[in-house]
Each structure stands twice: as structure tokens, then as C-alpha cells.
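Engineer: Let me begin by handing over the structure; questions about it come next.
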Amino acid sequence: MSLVKNFVEYHKGTIVLKSEPGKGSTFIIKLPFKNKCTGDSTTPSSIGCKEVIYRYNGQPSNSEKKDEPYNYIPENNEFVKKHTIIVAEDNSELRNFISNLLINEYNIIETSNGSEAFDRANEIQPDLIISDILMPKLNGYQLCQKIKQNIHTSHIPIIILTALSSESNQIEGLTEGADDYITKPFNPNILSLKVKNTIHNRSALIMRFKTEAAMEPGEIVTTSKDETFLMNTIEAIKSHISDPNFKVDQLLLKIGMSRSPFFRKIKALTGQTPSDFIRTIRLKHAAKLLIESDLNISEAAFNTGFTSPIHFRECFKKQYGQTPRDYVKNHTTTCLKSN
């Protein structure tokens with residue numbers, strides 16, 4: 001009703017409620033309209049105004065019961081190539097409108113309540129959630145809170161979409177961890193751009209982690225749970241940095257997570273598989289040893305869990321774009337110039 005009120009007031013109309021306990025409610029909406037012959041506009045109080053009456057008895061109509069959320073899953077493996085968005089909205093018309101707006105660029109999963117959205121988020125690990133606030137079973141605030149407090153889903157960005165436009169409502173949504181807030185009625189272009197920017201920013205953070213040698217967890221994540229997760233994972237790897245037998249299975253035991261959730265979490269935060277992530281941490285530590293210690297290249301390799309200096313050289317060049325020897329030389333030259 002808040003959304004309806006906004007639309008009616010925008011069109012300079014009025015809305016009246018007549019309600020009887022046990023019988024139901026009648027909403028009368030009066031909108032001004034323009035006479036095609038004279039071009040004159042009437043007002044809601046004028047005799048010739050248009051009147052729309054909607055009666056509500058607390059039960060959904062047959063059409064509402066049949067209009068269930070759908071999942072758009074493209075053919076020919078297109079689903080895995082596009083980013084996936086969950087749209088959580090109990091209003092079927094608005095939910096369909098949002099889905100149709102985004103369906104050409106993204107995989108769309110529709111849900112009609114917050115509880116279903118949370119279950120689907122755990123299951124498919126979407127790239128973004130667009131959520132209404134006033135929903136059954138689990139409202140938007142509660143959904144946002146559960147998503148951000150769950151280690152398996154805390155990395156998923158959320159855009160809150162609601163008719164509750166007061167500053168206090170926006171503050172509450174952002175406090176629960178929402179990444180953005182859009183009020184209804186909204187400009188479709190603004191929603192499309194915010195979706196695009198939110199997903200792009202997450203992808204940019206992943207690329208920064210993969211390409212910058214000195215990246216710290218606090219610079220690549222947006223929630224404390226994600227930062228804590230990465231810090232604990234990195235520390236677990238560093239505590240066994242010289243052990244060549246410390247692989248994904250041993251890391252899972254240290255972290256206390258099963259393989260599938262851990263794989264999805266690391267992939268979402270870093271864009272890497274767990275094996276690649278372990279190798280990245282080893283190489284970053286090796287690069288630090290080469291610059292800050294007296295160890296030679298072979299010693300740095302063995303001290304970071306590589307059993308073959310040749311393999312170490314290949315991995316190092318792939319990550320840093322130069323051999324370990326050139327890396328040391330370039331950093332030494334840089335230090336001399338700065339001094």
C-alpha cells in the first residue's frame with residue numbers, strides 16, 4: 001500500500017479506505033484525467049474523475065495463486081556464463097517486471113519470500129540478491145542479516161528495494177549489511193546500472209587480489225565475516241607454508257569446513273580454486289622472502305613448500321610476469337633509487 005500511495009500522490013490523486021471488521025476493506029483511488037476534446041484536466045474531487053475500486057478480503061485471488069515465481073535457466077550452458085541474481089519480491093507483477101528488466105543479461109532466480117531466497121542463496125551462491133523489505137516468512141531486513149552473518153553467504157551483495165523511503169528505513173537496511181538501497185517507484189535504468197556496478201565492483205576486487213602481490217584481506221572484502229574467513233585461511237596456510245604435503249584436504253581440517261562450501265566461498269572472494277589460492281599464498285610469501293631475507297631462489301622455494309625450483313620458477317613467472325631473479329633485480333633497483 002505504501003507503493004500505491006506513492007504512485008497515487010505522484011499523479012495528484014487521492015486514496016480512501018473503507019473497512020469493516022470481518023467483512024473486508026475497500027480502497028477507492030481517484031485520479032485526475034485530461035478531457036480529450038477540451039484538453040482540460042480534472043481534479044480528484046471533480047464530477048468526471050476516474051474512480052478505481054479495489055476490494056480486499058484477506059484472501060489471494062485465483063490468478064495470484066497461480067502466478068508462482070519461476071527460475072530462468074537458459075539452454076546450452078548459458079546459465080554458467082552469466083552472473084546469477086536472486087529476485088526476492090512477494091508482489092508477482094513487480095517481481096516479473098524486475099526479472100524481465102534483467103533477464104537478457106543475467107540468470108534470474110525468482111523467490112516470493114525471504115526464507116526461500118535465503119535457502120536458494122545457500123544452494124546456488126548467486127552474484128547478487130535484489131530484495132524487497134515487506135515479505136512473508138522472512139522480511140528483507142531479516143534476509144539481509146542472515147545472508148551477511150552466514151559464512152557461506154556473507155560475500156553476496158544485496159540491493160534493498162522497497163517503498164519504505166524514510167531515512168530511518170534506509171539506515172536500518174544499510175546497518176544490516178545491504179550494499180545499496182533503492183526506493184519504489186524506481187527508475188528501471190537506475191536499477192540496471194546499480195546491478196551492473198555492484199557486480200562489476202565485486203569482480204574488480206577479485207582481480208585486484210589475483211594481480212597485486214601485497215594485497216591484504218581487509219582491502220578485498222566488504223564484510224567482517226569475509227575478512228575473518230580470509231585471514232584465518234591465510235594464517236592456516238602460512239602456519240604450514242614449508243610443508244609441501246599441506247594441500248586442500250589439510251586446509252579444510254584446519255578451517256573446519258566441508259569441500260563444496262569452502263570451494264564456493266574461496267571462488268567467490270578470490271576468483272581462484274582452493275589449490276590455486278594455496279599456491280598464491282605460497283608465492284606471495286616466497287616473493288617476500290626473496291626481497292627481505294638472504295635466502296637464494298632455491299631456498300625460498302623450499303621454504304614455501306615447493307619441492308622443485310624449476311616448478312617454483314614457472315609458477316612465480318605465471319603470477320608475477322617475471323622470473324624470481326628478475327623480480328629480485330627489479331625490486332633491488334627500485335630500493336636503490338628510492339634511497
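Just so we're on the same page: first chain in the C-alpha cells is A, next is B, and so on; residues restart at 1 for each chain, and ligands are numbered from 1 in the order they show up.
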Do you know which residues are at most 9 Å from Glu116 (chain A) counting only C-alpha atoms, after dropping those on the same chain fewer than 5 positions away, and could you put them as a PyMOL selection string?
Structural biologist: chain A and resi 88+111+121+137-138
Engineer: Would you output that residue set with N, CA and C atoms, as a tab-separated table (two decimals), in the first residue's frame?
Structural biologist:
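Resulting contents of again.tsv:
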chain	number	residue	atom	x	y	z
A	88	ALA	N	14.00	-11.40	-4.81
A	88	ALA	CA	13.09	-11.76	-3.71
A	88	ALA	C	12.03	-10.68	-3.59
A	111	THR	N	12.09	-15.61	-6.19
A	111	THR	CA	11.53	-16.14	-4.94
A	111	THR	C	10.48	-15.17	-4.43
A	121	ALA	N	19.96	-18.93	-1.92
A	121	ALA	CA	21.28	-18.31	-1.88
A	121	ALA	C	22.33	-19.30	-1.39
A	137	LYS	N	7.24	-14.62	5.86
A	137	LYS	CA	8.18	-15.62	6.40
A	137	LYS	C	9.50	-15.01	6.87
A	138	LEU	N	10.12	-14.21	6.03
A	138	LEU	CA	11.39	-13.57	6.38
A	138	LEU	C	11.42	-12.25	5.60
Engineer: What's around region 277-287 of chain A at 8 Å? Count only C-alpha atoms, leave out sequence neighbours fewer than 2 positions away in its own chain, and write the answer as a PyMOL selection string.
Structural biologist: chain A and resi 213-214+234+237-238+241+247-248+266+270+272-275+289-291+300-301+303-305+315-316+319+324
Engineer: List every residue of region 140-335 of chain A that DSSP, applied to the backbone of this structure, places in alpha helix (DSSP H), and write the result as a PyMOL selection string.
Structural biologist: chain A and resi 140-149+167-175+188-211+224-238+248-255+259-270+274-292+297-303+309-320+324-335
Engineer: Distance CA of Lys12 (chain A)-CA of Leu191 (chain A), one decimal place?
Structural biologist: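 Between CA of Lys12 (chain A) and CA of Leu191 (chain A) the gap is 25.0 Å.
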Engineer: Which residues, written as an MDAnalysis selection string, have at least one atom at most 10 Å from Ile98 (chain A), with only C-alpha atoms counted and residues fewer than 2 positions away on the same chain left out?
Structural biologist: chainID A and resid 87 89 92:96 100:103 108 110 130 188 191:192
Engineer: Give me, please, the distance in Å between CA of Ile159 (chain A) and CA of Phe263 (chain A), quoted to one decimal.
Structural biologist: 24.8 Å
Engineer: Among region 67-311 of chain A, which residues does DSSP mark as strand (DSSP E or B) when it is run on the backbone? Keep the chain and numbering as in the structure and answer as a list of chain:residue names.
Structural biologist: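 Result set for region 67-311 of chain A (strand (DSSP E or B)): A:Asn71, A:Tyr72, A:Thr84, A:Ile85, A:Ile86, A:Val87, A:Ala88, A:Asn107, A:Ile108, A:Ile109, A:Glu110, A:Thr111, A:Leu128, A:Ile129, A:Ile130, A:Ser131, A:Ile158, A:Ile159, A:Ile160, A:Leu161, A:Thr162, A:Asp180, A:Tyr181, A:Ile182, A:Thr183.
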Engineer: What does the distance between CA of Phe118 (chain A) and CA of Gln142 (chain A) come to in Å, to one decimal place?
Structural biologist: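 Separation between CA of Phe118 (chain A) and CA of Gln142 (chain A): 9.8 Å.
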Engineer: Residues at most 12 Å from Lys146 (chain A), counting only C-alpha atoms, excluding those fewer than 2 positions away in the same chain, as a PyMOL selection string?
Structural biologist: chain A and resi 114-115+117-119+121-122+138-144+148-156+158+176-178
Engineer: What would the file look like if the residues just selected were written as a short mmCIF file (atom, residue, chain, number, x, y, z; two decimals), in the first residue's frame with N, CA and C atoms?
Structural biologist:
data_model
loop_
_atom_site.label_atom_id
_atom_site.label_comp_id
_atom_site.auth_asym_id
_atom_site.auth_seq_id
_atom_site.Cartn_x
_atom_site.Cartn_y
_atom_site.Cartn_z
N GLY A 114 11.45 -14.12 1.84
CA GLY A 114 12.84 -14.08 2.27
C GLY A 114 13.41 -15.43 2.64
N SER A 115 12.58 -16.31 3.21
CA SER A 115 13.05 -17.63 3.63
C SER A 115 13.50 -18.44 2.42
N ALA A 117 14.42 -17.22 -0.44
CA ALA A 117 15.59 -16.54 -1.01
C ALA A 117 16.87 -16.97 -0.28
N PHE A 118 16.79 -17.08 1.03
CA PHE A 118 17.96 -17.49 1.81
C PHE A 118 18.37 -18.92 1.46
N ASP A 119 17.39 -19.82 1.36
CA ASP A 119 17.68 -21.21 1.01
C ASP A 119 18.32 -21.30 -0.38
N ALA A 121 19.96 -18.93 -1.92
CA ALA A 121 21.28 -18.31 -1.88
C ALA A 121 22.33 -19.30 -1.39
N ASN A 122 21.99 -20.10 -0.37
CA ASN A 122 22.89 -21.13 0.13
C ASN A 122 23.15 -22.20 -0.92
N LEU A 138 10.12 -14.21 6.03
CA LEU A 138 11.39 -13.57 6.38
C LEU A 138 11.42 -12.25 5.60
N ASN A 139 11.40 -11.11 6.33
CA ASN A 139 11.40 -9.84 5.60
C ASN A 139 12.80 -9.50 5.08
N GLY A 140 12.89 -8.41 4.34
CA GLY A 140 14.15 -8.05 3.70
C GLY A 140 15.27 -7.78 4.68
N TYR A 141 14.95 -7.12 5.82
CA TYR A 141 15.96 -6.85 6.84
C TYR A 141 16.50 -8.16 7.42
N GLN A 142 15.58 -9.08 7.72
CA GLN A 142 15.98 -10.36 8.31
C GLN A 142 16.78 -11.19 7.30
N LEU A 143 16.37 -11.14 6.03
CA LEU A 143 17.12 -11.85 4.98
C LEU A 143 18.53 -11.30 4.88
N CYS A 144 18.64 -9.98 4.87
CA CYS A 144 19.96 -9.33 4.76
C CYS A 144 20.84 -9.73 5.94
N LYS A 148 24.34 -11.95 5.60
CA LYS A 148 25.62 -11.34 5.96
C LYS A 148 26.26 -12.02 7.19
N GLN A 149 25.46 -12.69 8.02
CA GLN A 149 26.01 -13.35 9.21
C GLN A 149 26.39 -14.80 8.96
N ASN A 150 26.02 -15.33 7.80
CA ASN A 150 26.33 -16.72 7.45
C ASN A 150 27.64 -16.75 6.66
N ILE A 151 28.60 -17.51 7.12
CA ILE A 151 29.92 -17.55 6.49
C ILE A 151 29.84 -18.03 5.04
N HIS A 152 28.83 -18.84 4.71
CA HIS A 152 28.71 -19.38 3.36
C HIS A 152 28.15 -18.36 2.38
N THR A 153 27.48 -17.31 2.89
CA THR A 153 26.81 -16.36 2.00
C THR A 153 27.18 -14.90 2.25
N SER A 154 28.02 -14.63 3.23
CA SER A 154 28.29 -13.24 3.64
C SER A 154 28.92 -12.40 2.53
N HIS A 155 29.50 -13.02 1.52
CA HIS A 155 30.14 -12.28 0.43
C HIS A 155 29.15 -11.81 -0.62
N ILE A 156 27.90 -12.28 -0.56
CA ILE A 156 26.92 -11.96 -1.60
C ILE A 156 26.37 -10.55 -1.41
N ILE A 158 23.83 -7.34 -1.63
CA ILE A 158 22.38 -7.24 -1.59
C ILE A 158 21.93 -5.81 -1.89
N GLU A 176 22.07 -3.48 8.44
CA GLU A 176 22.02 -4.94 8.37
C GLU A 176 22.96 -5.51 7.32
N GLY A 177 23.65 -4.62 6.58
CA GLY A 177 24.65 -5.09 5.63
C GLY A 177 24.29 -4.94 4.17
N ALA A 178 23.17 -4.27 3.87
CA ALA A 178 22.79 -4.06 2.47
C ALA A 178 23.86 -3.23 1.77
#
Engineer: Residues at most 12 Å from Phe229 (chain A), counting only C-alpha atoms, excluding those fewer than 2 positions away in the same chain, as a JSON list (two decimals) with C-alpha atoms, in the first residue's frame?
Structural biologist:
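What ended up in part_34.json:
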[["chain", "number", "residue", "atom", "x", "y", "z"],
["A", 149, "GLN", "CA", 26.01, -13.35, 9.21],
["A", 150, "ASN", "CA", 26.33, -16.72, 7.45],
["A", 151, "ILE", "CA", 29.92, -17.55, 6.49],
["A", 152, "HIS", "CA", 28.71, -19.38, 3.36],
["A", 153, "THR", "CA", 26.81, -16.36, 2.00],
["A", 154, "SER", "CA", 28.29, -13.24, 3.64],
["A", 155, "HIS", "CA", 30.14, -12.28, 0.43],
["A", 217, "PRO", "CA", 42.36, -9.31, 3.14],
["A", 218, "GLY", "CA", 40.93, -6.06, 4.50],
["A", 221, "VAL", "CA", 36.33, -7.78, 1.19],
["A", 222, "THR", "CA", 33.33, -5.77, 2.32],
["A", 223, "THR", "CA", 32.15, -7.61, 5.45],
["A", 224, "SER", "CA", 33.96, -8.53, 8.63],
["A", 225, "LYS", "CA", 32.99, -12.20, 8.29],
["A", 226, "ASP", "CA", 34.62, -12.37, 4.88],
["A", 227, "GLU", "CA", 37.75, -10.68, 6.20],
["A", 231, "MET", "CA", 42.59, -14.08, 7.44],
["A", 232, "ASN", "CA", 42.02, -17.44, 9.16],
["A", 233, "THR", "CA", 42.53, -19.28, 5.87],
["A", 234, "ILE", "CA", 45.73, -17.39, 5.08],
["A", 235, "GLU", "CA", 47.10, -17.93, 8.58],
["A", 236, "ALA", "CA", 46.36, -21.67, 8.33],
["A", 254, "LYS", "CA", 42.15, -26.60, 9.89],
["A", 255, "ILE", "CA", 39.28, -24.32, 8.81],
["A", 256, "GLY", "CA", 36.52, -26.75, 9.77],
["A", 257, "MET", "CA", 34.53, -26.56, 6.53],
["A", 262, "PHE", "CA", 34.77, -23.87, 1.06],
["A", 265, "LYS", "CA", 33.49, -19.28, -0.74],
["A", 266, "ILE", "CA", 37.10, -19.05, -1.90],
["A", 269, "LEU", "CA", 36.10, -13.98, -2.78]]
Engineer: Nearest to Gln125 (chain A): which of A:Pro261, A:Pro32, A:Gly22, A:Pro244 is it, counting only C-alpha atoms?
Structural biologist: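 Result for the nearest residue to Gln125 (chain A): A:Pro261.
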Engineer: So which one's closest to Phe312 (chain A), A:Val328, A:Leu161, A:Ile297, A:Ala204? Using only C-alpha atoms, please.
Structural biologist: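 Looking at the shortest contact to Phe312 (chain A), the residue is A:Ile297.
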Engineer: I need the residue nearest His200 (chain A) from this list: A:Asp243, A:Glu299, A:Asp127, A:Asp132. Use only C-alpha atoms for the distance.
Structural biologist: A:Asp127
